[in-house]
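Have a look at the structure below before the remarks.
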Amino acid sequence: MNACQSCATILLNPYYCHFCESPAANVAAEVVTDARDRDLGTEANMRALALWYQLGGVLAGLPALAGLLSLWFGESYQPSASRDLGVIKLGLLALAVAQFVIGHYLRQFSEGGRIAAWLGEIAAVVYIAVLIANAGERVTLIVIAFMGLALRIAVFFFLFSRAASRLCTAQYHALVARTPYLKTPSIRQSGFFKAFIIMMMLAFLVPLLA
Ligand SMILES: [Zn+2]
């Protein structure tokens, strides 16, 4: 970890301190502007989100695929009764694949990926709201769902923010390409990453408590 020599703030960006707005010592003048313009914190958030989407795609996709295969090859196959269930599982599989693909494009700071994820967050908020409406008296489930709702709303506003949309411009892609000495920080630097880990653990608890 680097600390700013002027104000001692811990720096994500070893070339520039955004807190006291000064470059680190011994940084070439032509590097200062580019180093200042790289938004490493937002990059870490975007990559944490990308991982979250891809992991979510895998975790949702595998059971859907397993369900589909057992439906087709299982012994209880009945053309009429199994068809509707098959369509549902196929739909779930398609959603999981879409999630995975969105994560791939988020990692590349693609504008299409950002918009698709933004729509995905709206869908997630609606889904959780329905879940809460149908939760009845299951207080633990409701509390966890509200935490999930808060996180998804935070992600929604993040994707909508000026900082996130700036990452997805051609100018920013060019900036990243000409500043290879500035590495995107580990996603562990992202607050989203920590929140996702907590939500993931809670999500595994839901079936036990509900
Ligand atoms: Zn500083």
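Chain labels follow the order of the structure tokens: the first chain is A, the next B, and so on; residue numbering restarts at 1 in every chain, and ligands are counted from 1 in their shown order.
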- Which polymer residues have any atom within 6 Å of an atom of region 183-187 of chain A, counting only C-alpha atoms, with same-chain residues fewer than 2 positions away left out, as a PyMOL selection string? chain A and resi 40+44+48+189-190
Residue subset to file, keeping N, CA and C atoms, as an mmCIF file, in the first residue's frame:
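Output below, filename part.cif:
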```
data_model
loop_
_atom_site.group_PDB
_atom_site.id
_atom_site.type_symbol
_atom_site.label_atom_id
_atom_site.label_comp_id
_atom_site.auth_asym_id
_atom_site.auth_seq_id
_atom_site.Cartn_x
_atom_site.Cartn_y
_atom_site.Cartn_z
ATOM 1 N N LEU A 40 -9.345 4.705 -10.364
ATOM 2 C CA LEU A 40 -9.091 3.300 -9.999
ATOM 3 C C LEU A 40 -10.145 2.749 -9.042
ATOM 4 N N ALA A 44 -12.317 -0.622 -9.732
ATOM 5 C CA ALA A 44 -12.409 -1.769 -8.812
ATOM 6 C C ALA A 44 -13.872 -2.132 -8.560
ATOM 7 N N ALA A 48 -15.634 -5.656 -9.479
ATOM 8 C CA ALA A 48 -16.304 -6.445 -8.437
ATOM 9 C C ALA A 48 -17.708 -6.815 -8.913
ATOM 10 N N GLN A 189 -10.563 -4.072 -2.940
ATOM 11 C CA GLN A 189 -10.597 -2.654 -2.572
ATOM 12 C C GLN A 189 -12.003 -2.076 -2.724
ATOM 13 N N SER A 190 -12.891 -2.839 -3.355
ATOM 14 C CA SER A 190 -14.228 -2.324 -3.625
ATOM 15 C C SER A 190 -15.173 -2.607 -2.463
#
```
- Item | Selection: 10 Å around Ala154 (chain A), only C-alpha atoms, excl. self and same-chain fewer than 6 positions, as an MDAnalysis selection string | chainID A and resid 121 148 160 192
So that I have them on file, write out the residues from the current selection with N, CA and C atoms, as a compact mmCIF listing (two decimals), in the first residue's frame.
```
# COMPACT_ATOMS: atom_id res chain seq x y z
N GLU A 121 -30.49 -4.64 -12.81
CA GLU A 121 -30.71 -4.20 -11.43
C GLU A 121 -32.17 -3.82 -11.21
N GLY A 148 -30.61 -7.03 0.76
CA GLY A 148 -30.34 -7.27 -0.66
C GLY A 148 -30.90 -6.14 -1.51
N PHE A 160 -25.50 4.08 -12.79
CA PHE A 160 -26.10 5.27 -13.38
C PHE A 160 -25.19 6.49 -13.19
N PHE A 192 -18.29 -2.74 -2.76
CA PHE A 192 -19.27 -3.68 -3.30
C PHE A 192 -18.85 -5.11 -3.02
```
- Item | Test item, alpha helix (DSSP H) assignment across chain A, answer as a PyMOL selection string | chain A and resi 29-37+40-73+79-107+111-133+139-160+162-167+170-178+191-209
Just to be explicit: take each residue in the selection above, keep C-alpha atoms, and write the result as a compact mmCIF listing (two decimals), in the first residue's frame.
```
# COMPACT_ATOMS: atom_id res chain seq x y z
CA ALA A 29 5.06 15.74 -15.77
CA GLU A 30 3.49 14.05 -18.81
CA VAL A 31 2.21 11.23 -16.58
CA VAL A 32 0.52 13.48 -13.97
CA THR A 33 -2.61 14.37 -15.97
CA ASP A 34 -3.23 10.79 -17.11
CA ALA A 35 -2.59 9.45 -13.61
CA ARG A 36 -5.04 11.99 -12.20
CA ASP A 37 -7.71 11.04 -14.74
CA LEU A 40 -9.09 3.30 -10.00
CA GLY A 41 -11.72 3.16 -7.25
CA THR A 42 -14.57 3.08 -9.76
CA GLU A 43 -12.65 0.52 -11.86
CA ALA A 44 -12.41 -1.77 -8.81
CA ASN A 45 -16.16 -1.37 -8.19
CA MET A 46 -16.96 -2.19 -11.81
CA ARG A 47 -14.78 -5.30 -11.73
CA ALA A 48 -16.30 -6.44 -8.44
CA LEU A 49 -19.71 -6.06 -10.07
CA ALA A 50 -18.50 -8.01 -13.12
CA LEU A 51 -17.37 -10.90 -10.92
CA TRP A 52 -20.64 -10.80 -9.01
CA TYR A 53 -22.63 -11.05 -12.26
CA GLN A 54 -20.52 -13.94 -13.57
CA LEU A 55 -20.63 -15.83 -10.28
CA GLY A 56 -24.39 -15.24 -10.09
CA GLY A 57 -24.73 -16.57 -13.64
CA VAL A 58 -22.84 -19.76 -12.75
CA LEU A 59 -24.68 -20.30 -9.45
CA ALA A 60 -28.08 -19.83 -11.10
CA GLY A 61 -27.18 -21.58 -14.34
CA LEU A 62 -25.89 -24.89 -13.00
CA PRO A 63 -29.08 -25.90 -11.12
CA ALA A 64 -31.20 -24.80 -14.10
CA LEU A 65 -29.07 -26.89 -16.45
CA ALA A 66 -29.14 -29.88 -14.09
CA GLY A 67 -32.93 -29.57 -13.80
CA LEU A 68 -33.30 -29.41 -17.56
CA LEU A 69 -31.11 -32.47 -18.15
CA SER A 70 -32.88 -34.55 -15.52
CA LEU A 71 -36.19 -33.52 -17.09
CA TRP A 72 -35.12 -34.69 -20.53
CA PHE A 73 -33.24 -37.83 -19.55
CA PRO A 79 -44.26 -35.04 -22.74
CA SER A 80 -47.27 -33.01 -21.61
CA ALA A 81 -46.48 -32.40 -17.94
CA SER A 82 -42.74 -31.88 -18.39
CA ARG A 83 -43.02 -29.33 -21.17
CA ASP A 84 -44.10 -26.35 -19.04
CA LEU A 85 -41.48 -27.08 -16.42
CA GLY A 86 -38.90 -27.43 -19.20
CA VAL A 87 -39.80 -24.01 -20.60
CA ILE A 88 -39.41 -22.44 -17.15
CA LYS A 89 -36.02 -24.08 -16.60
CA LEU A 90 -34.90 -23.08 -20.09
CA GLY A 91 -35.90 -19.48 -19.29
CA LEU A 92 -33.92 -19.58 -16.03
CA LEU A 93 -30.91 -20.97 -17.91
CA ALA A 94 -31.17 -18.16 -20.49
CA LEU A 95 -31.28 -15.56 -17.69
CA ALA A 96 -28.20 -17.12 -16.07
CA VAL A 97 -26.28 -17.08 -19.36
CA ALA A 98 -27.32 -13.44 -19.90
CA GLN A 99 -26.00 -12.58 -16.42
CA PHE A 100 -22.68 -14.23 -17.20
CA VAL A 101 -22.34 -12.40 -20.52
CA ILE A 102 -23.22 -9.04 -18.90
CA GLY A 103 -20.45 -9.67 -16.34
CA HIS A 104 -17.99 -10.28 -19.16
CA TYR A 105 -18.82 -6.94 -20.78
CA LEU A 106 -18.81 -5.06 -17.46
CA ARG A 107 -15.22 -6.21 -16.93
CA GLU A 111 -21.31 0.76 -22.42
CA GLY A 112 -23.66 -2.02 -23.59
CA GLY A 113 -22.71 -4.07 -20.52
CA ARG A 114 -23.39 -1.10 -18.24
CA ILE A 115 -26.86 -0.46 -19.71
CA ALA A 116 -27.74 -4.18 -19.63
CA ALA A 117 -26.61 -4.44 -15.99
CA TRP A 118 -28.59 -1.32 -15.16
CA LEU A 119 -31.75 -2.97 -16.58
CA GLY A 120 -30.77 -6.15 -14.70
CA GLU A 121 -30.71 -4.20 -11.43
CA ILE A 122 -34.22 -2.87 -12.10
CA ALA A 123 -35.39 -6.46 -12.65
CA ALA A 124 -33.63 -7.57 -9.44
CA VAL A 125 -35.26 -4.78 -7.42
CA VAL A 126 -38.71 -5.79 -8.73
CA TYR A 127 -37.97 -9.46 -7.98
CA ILE A 128 -36.90 -8.72 -4.39
CA ALA A 129 -39.91 -6.46 -3.85
CA VAL A 130 -42.21 -9.35 -4.90
CA LEU A 131 -40.27 -11.67 -2.60
CA ILE A 132 -40.79 -9.30 0.34
CA ALA A 133 -44.49 -8.90 -0.51
CA VAL A 139 -38.94 -11.99 9.57
CA THR A 140 -35.41 -13.27 8.89
CA LEU A 141 -36.17 -13.62 5.21
CA ILE A 142 -37.64 -10.11 5.12
CA VAL A 143 -34.60 -8.57 6.85
CA ILE A 144 -32.15 -10.28 4.48
CA ALA A 145 -34.30 -9.34 1.48
CA PHE A 146 -34.30 -5.69 2.54
CA MET A 147 -30.49 -5.77 2.83
CA GLY A 148 -30.34 -7.27 -0.66
CA LEU A 149 -32.72 -4.58 -1.87
CA ALA A 150 -30.51 -1.83 -0.43
CA LEU A 151 -27.44 -3.32 -2.12
CA ARG A 152 -29.15 -3.63 -5.51
CA ILE A 153 -30.39 -0.05 -5.29
CA ALA A 154 -26.81 1.07 -4.49
CA VAL A 155 -25.56 -0.86 -7.54
CA PHE A 156 -28.32 0.70 -9.65
CA PHE A 157 -27.21 4.22 -8.72
CA PHE A 158 -23.55 3.30 -9.13
CA LEU A 159 -24.16 2.08 -12.70
CA PHE A 160 -26.10 5.27 -13.38
CA ARG A 162 -21.19 9.87 -13.89
CA ALA A 163 -18.08 8.00 -12.69
CA ALA A 164 -19.36 4.64 -13.98
CA SER A 165 -20.51 6.02 -17.33
CA ARG A 166 -17.17 7.79 -17.77
CA LEU A 167 -15.41 4.39 -17.56
CA ALA A 170 -13.95 5.59 -25.83
CA GLN A 171 -11.82 8.36 -24.25
CA TYR A 172 -11.51 6.39 -21.01
CA HIS A 173 -10.66 3.18 -22.87
CA ALA A 174 -7.87 5.11 -24.63
CA LEU A 175 -6.68 6.46 -21.27
CA VAL A 176 -6.49 2.93 -19.84
CA ALA A 177 -4.60 1.75 -22.94
CA ARG A 178 -1.93 4.46 -22.64
CA GLY A 191 -16.91 -1.76 -1.01
CA PHE A 192 -19.27 -3.68 -3.30
CA PHE A 193 -17.06 -6.75 -3.03
CA LYS A 194 -17.34 -6.79 0.77
CA ALA A 195 -21.09 -6.21 0.61
CA PHE A 196 -21.47 -9.03 -1.96
CA ILE A 197 -19.58 -11.48 0.25
CA ILE A 198 -21.84 -10.67 3.20
CA MET A 199 -24.99 -10.96 1.05
CA MET A 200 -23.78 -14.27 -0.40
CA MET A 201 -23.31 -15.73 3.08
CA LEU A 202 -26.73 -14.47 4.16
CA ALA A 203 -28.33 -15.88 0.99
CA PHE A 204 -27.03 -19.33 1.89
CA LEU A 205 -28.60 -18.91 5.32
CA VAL A 206 -32.08 -18.13 3.95
CA PRO A 207 -33.05 -21.76 3.15
CA LEU A 208 -31.96 -22.78 6.64
CA LEU A 209 -33.94 -20.09 8.40
```
- Message: What residues of the protein or nucleic acid chains come within 10 Å of ligand 1 when you use only C-alpha atoms and all ligand atoms? Reply as JSON, numbers by chain.
- Response: {"A": [3, 4, 5, 6, 7, 8, 9, 10, 11, 16, 17, 18, 19, 20, 21, 22, 23, 24]}
Put those residues in a file: N, CA and C atoms, as a compact mmCIF listing (two decimals), in the first residue's frame.
```txt
# COMPACT_ATOMS: atom_id res chain seq x y z
N ALA A 3 1.23 5.36 0.55
CA ALA A 3 0.60 6.49 1.23
C ALA A 3 1.10 7.78 0.59
N CYS A 4 0.21 8.78 0.54
CA CYS A 4 0.59 10.08 -0.02
C CYS A 4 1.67 10.70 0.86
N GLN A 5 2.70 11.25 0.20
CA GLN A 5 3.79 11.85 0.98
C GLN A 5 3.40 13.21 1.56
N SER A 6 2.35 13.83 1.01
CA SER A 6 1.93 15.13 1.52
C SER A 6 0.91 15.00 2.65
N CYS A 7 -0.11 14.11 2.45
CA CYS A 7 -1.20 14.09 3.42
C CYS A 7 -1.37 12.72 4.08
N ALA A 8 -0.55 11.73 3.69
CA ALA A 8 -0.55 10.39 4.30
C ALA A 8 -1.80 9.58 4.01
N THR A 9 -2.67 10.06 3.12
CA THR A 9 -3.82 9.24 2.70
C THR A 9 -3.31 7.98 2.01
N ILE A 10 -3.96 6.84 2.30
CA ILE A 10 -3.58 5.60 1.59
C ILE A 10 -4.08 5.71 0.15
N LEU A 11 -3.18 5.45 -0.78
CA LEU A 11 -3.50 5.68 -2.19
C LEU A 11 -3.79 4.38 -2.93
N TYR A 16 -0.88 9.50 -8.05
CA TYR A 16 -1.60 10.75 -7.81
C TYR A 16 -2.51 10.62 -6.60
N CYS A 17 -2.51 11.64 -5.73
CA CYS A 17 -3.40 11.66 -4.57
C CYS A 17 -4.60 12.54 -4.89
N HIS A 18 -5.79 11.92 -4.92
CA HIS A 18 -6.99 12.70 -5.23
C HIS A 18 -7.49 13.47 -4.02
N PHE A 19 -6.93 13.12 -2.84
CA PHE A 19 -7.40 13.80 -1.63
C PHE A 19 -6.79 15.19 -1.53
N CYS A 20 -5.47 15.28 -1.67
CA CYS A 20 -4.84 16.62 -1.61
C CYS A 20 -4.47 17.12 -3.00
N GLU A 21 -4.90 16.37 -4.03
CA GLU A 21 -4.71 16.77 -5.43
C GLU A 21 -3.27 17.08 -5.76
N SER A 22 -2.38 16.16 -5.38
CA SER A 22 -0.98 16.35 -5.74
C SER A 22 -0.40 15.04 -6.25
N PRO A 23 0.50 15.13 -7.25
CA PRO A 23 1.14 13.92 -7.75
C PRO A 23 2.15 13.40 -6.74
N ALA A 24 2.44 12.11 -6.82
CA ALA A 24 3.48 11.54 -5.97
C ALA A 24 4.84 12.11 -6.40
```
- Message: Run DSSP on the backbone and tell me which residues of region 9-208 of chain A come out as strand (DSSP E); list them as a PyMOL selection string.
- Response: chain A and resi 10-11+16-17+22-23
